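**Student:** The structure follows.
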Amino acid sequence: MRRSGIFVVLLPLILGVNGVRAADISVQTINNENYQPPAWAPTVSVVGSLSPTWTNNAFFSRDDRKSDWFLNSDLSVRLDGRLAPDLSYRFYVRSEIDAFAKQKDADWSMGLWGARLAKNIGEWNVSAVFENRYDYGGIYNEHLFTAYDIMAAASRDFTINSVIFSPFIRGRYRFSDRDFAEYWRLDLALGIEAPLNERWSIVSSPFFEAFWFTGGVNSGRADQIYSVSLGLKYNIAPNVSLTTNVAFEERLSNVGIRRYQNVDIGPHLDFAF
Amino acid sequence: MKSMIAVAIGAILLLGTGSGSLAQGRGDAGDRSQRGDSEGFRNTIREERLKKPTYLQSGQQAPEPNTDGTTDRNKKKK
């Protein structure tokens, strides 16, 4: 009787201790599961695009149009972080290649590194960017020029009846080791995405670019590029999508030979990890 | 003397032709990056959309905005 009485007294204590231990483990587990890195900790991501594309004008020529297939590969590695809740920075490297099936003289590639500071002002994301870029003819074969771009950009998203509109404006000046590549430039773009259901959407990316060249043989030259595109996008996952796209592009110029029209058709596999 | 003058004129013409073709080549070199520029611009516009979830998995509920700094599991415990 005495033993059973002691057991009855001790039982709640034993259970209580175990309960406290279980609670400790549970809190620890929750803490582990809900762990988020500090806001200041930078994150690394790999973002890219891969696209086999057909073009009706491999050399962007006014008079000598040659159609061909080419593979466009565009890969970036980014380091993103925050200096303040609404002030973010990004360091990145980017590589892009156009490899043609037949017109090998149209092969092109570039590599760059850049830094960006971005801040939210109202509904707009405003950024200042510096890029150091190396352009090559062929696949990193013939060095064409080295450029130093200083840019300012602003973008935001609107949603109207589930259609997402993403206006984008950017201005830049390009310094270069070759004077012909130096210019002022203005980019205006409007990303449009109209979801059809959970995975499919119609997308379009019209843009306008204006160039005012300032140096060398291109001094005084002014170009304007008008581009429209229409595509069907399939979201394979939130960070992977496949878009079939048709893009038309026309360049006007006060130098007649620099005018061209071009059509590109092809699928794009975009990913971000 | 005449041959020297002819050689000099020839050299000047050659240099002139060379610099002309170089200048033309440089103009083309600038143009060769245009396709990559346009492609890169379109790629950037598409990539910017990637990390923004514009759709939900079938049957998935839209997450509630977490405005009070607590976790979902902590909310349930409350």
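Identifiers for the structure tokens are assigned positionally: chains receive A, B, ... in sequence, residues are indexed from 1 per chain, and ligands are indexed from 1 in the order shown.
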Using only C-alpha atoms, I'd like every residue of chain A that has an atom within 6 Å of chain B; please write them out as an MDAnalysis selection string.

**Tutor:** chainID A and resid 144 181 198 238:239

**Student:** Produce a file of the selected residues containing C-alpha atoms, as a short mmCIF file (atom, residue, chain, number, x, y, z; two decimals), in the first residue's frame.

**Tutor:**
```cif
data_model
loop_
_atom_site.label_atom_id
_atom_site.label_comp_id
_atom_site.auth_asym_id
_atom_site.auth_seq_id
_atom_site.Cartn_x
_atom_site.Cartn_y
_atom_site.Cartn_z
CA LEU A 144 35.42 42.71 -79.99
CA ALA A 181 30.90 51.01 -79.00
CA GLU A 198 -2.52 27.00 -62.79
CA PRO A 238 7.72 27.83 -59.60
CA ASN A 239 11.36 28.23 -60.59
#
```

**Student:** What's around region 257-273 of chain A at 7 Å? Count only C-alpha atoms, leave out sequence neighbours fewer than 6 positions away in its own chain, and write the answer as an MDAnalysis selection string.

**Tutor:** (chainID A and resid 45:57 60:62 239:251) or (chainID B and resid 47 50)

**Student:** Find the residues around Trp184 (chain A) up to 6 Å (only C-alpha atoms counted), leave out those fewer than 3 positions away in its own chain, and share them as a ChimeraX atom specification.

**Tutor:** /A:172-173,211-212

**Student:** If you run DSSP on the backbone here, which positions in region 15-215 of chain A get helix (DSSP H, G or I)? Please write them as a list in words.

**Tutor:** Leu15, Gly16, Val17, Asn18, Gly19, Val20, Arg21, Ala22, Ala23, Asp24, Ile25, Ser26, Val27, Gln28, Thr29, Ile30, Asn31, Asn32, Glu33, Lys104, Asp105, Ala106, Asp179, Phe180 and Ala181 of chain A

**Student:** Quick one: residues within 8 Å of Gly137 (chain A), only C-alpha atoms, excluding same-chain residues fewer than 3 positions away - as a PDB file with N, CA and C atoms, in the first residue's frame?

**Tutor:**
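Final file, around-v1.pdb:
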```pdb
ATOM      1  N   ASP A 105      30.024  32.628 -88.784  1.00  0.00           N
ATOM      2  CA  ASP A 105      30.507  34.005 -88.607  1.00  0.00           C
ATOM      3  C   ASP A 105      29.565  34.830 -87.739  1.00  0.00           C
ATOM      4  N   ALA A 106      28.352  34.316 -87.502  1.00  0.00           N
ATOM      5  CA  ALA A 106      27.406  35.031 -86.639  1.00  0.00           C
ATOM      6  C   ALA A 106      27.539  34.607 -85.175  1.00  0.00           C
ATOM      7  N   ASP A 107      28.380  33.612 -84.896  1.00  0.00           N
ATOM      8  CA  ASP A 107      28.580  33.190 -83.503  1.00  0.00           C
ATOM      9  C   ASP A 107      29.035  34.381 -82.668  1.00  0.00           C
ATOM     10  N   TRP A 108      28.538  34.433 -81.455  1.00  0.00           N
ATOM     11  CA  TRP A 108      28.825  35.572 -80.586  1.00  0.00           C
ATOM     12  C   TRP A 108      28.789  35.108 -79.133  1.00  0.00           C
ATOM     13  N   SER A 109      29.513  35.792 -78.286  1.00  0.00           N
ATOM     14  CA  SER A 109      29.496  35.441 -76.857  1.00  0.00           C
ATOM     15  C   SER A 109      29.918  36.655 -76.040  1.00  0.00           C
ATOM     16  N   TYR A 140      33.880  32.977 -77.396  1.00  0.00           N
ATOM     17  CA  TYR A 140      35.008  33.522 -76.634  1.00  0.00           C
ATOM     18  C   TYR A 140      36.302  33.410 -77.456  1.00  0.00           C
ATOM     19  N   ASN A 141      36.201  33.835 -78.719  1.00  0.00           N
ATOM     20  CA  ASN A 141      37.329  33.685 -79.626  1.00  0.00           C
ATOM     21  C   ASN A 141      37.973  35.029 -79.947  1.00  0.00           C
ATOM     22  N   GLU A 142      37.252  35.891 -80.673  1.00  0.00           N
ATOM     23  CA  GLU A 142      37.817  37.173 -81.117  1.00  0.00           C
ATOM     24  C   GLU A 142      37.267  38.296 -80.232  1.00  0.00           C
ATOM     25  N   HIS A 143      38.141  38.916 -79.467  1.00  0.00           N
ATOM     26  CA  HIS A 143      37.682  39.980 -78.566  1.00  0.00           C
ATOM     27  C   HIS A 143      37.222  41.182 -79.381  1.00  0.00           C
ATOM     28  N   LEU A 144      35.958  41.584 -79.226  1.00  0.00           N
ATOM     29  CA  LEU A 144      35.422  42.712 -79.988  1.00  0.00           C
ATOM     30  C   LEU A 144      35.612  44.029 -79.239  1.00  0.00           C
TER      31      LEU A 144
ATOM     32  N   ALA B  29      31.561  44.996 -85.638  1.00  0.00           N
ATOM     33  CA  ALA B  29      31.799  44.358 -84.334  1.00  0.00           C
ATOM     34  C   ALA B  29      30.777  44.825 -83.316  1.00  0.00           C
ATOM     35  N   ARG B  32      27.532  43.083 -83.986  1.00  0.00           N
ATOM     36  CA  ARG B  32      27.460  41.647 -83.707  1.00  0.00           C
ATOM     37  C   ARG B  32      26.933  41.372 -82.305  1.00  0.00           C
TER      38      ARG B  32
END
```

**Student:** Between CA of Ser127 (chain A) and CA of Arg185 (chain A), what is the spacing in Å?

**Tutor:** 16.1 Å

**Student:** Do you know which residues are at most 9 Å from Ser176 (chain A) counting only C-alpha atoms, after dropping those on the same chain fewer than 6 positions away, and could you put them as a PyMOL selection string?

**Tutor:** chain A and resi 145-149+182

**Student:** Quick one: residues within 12 Å of Gly122 (chain A), only C-alpha atoms, excluding same-chain residues fewer than 4 positions away - as a ChimeraX atom specification?

**Tutor:** /A:86,126,154-157

**Student:** Using only C-alpha atoms, which of the listed residues (A:Asp187, A:Ser201, A:Leu196, A:Leu87) sits closest to Gln224 (chain A)?

**Tutor:**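 Smallest distance to Gln224 (chain A) is found for A:Asp187.
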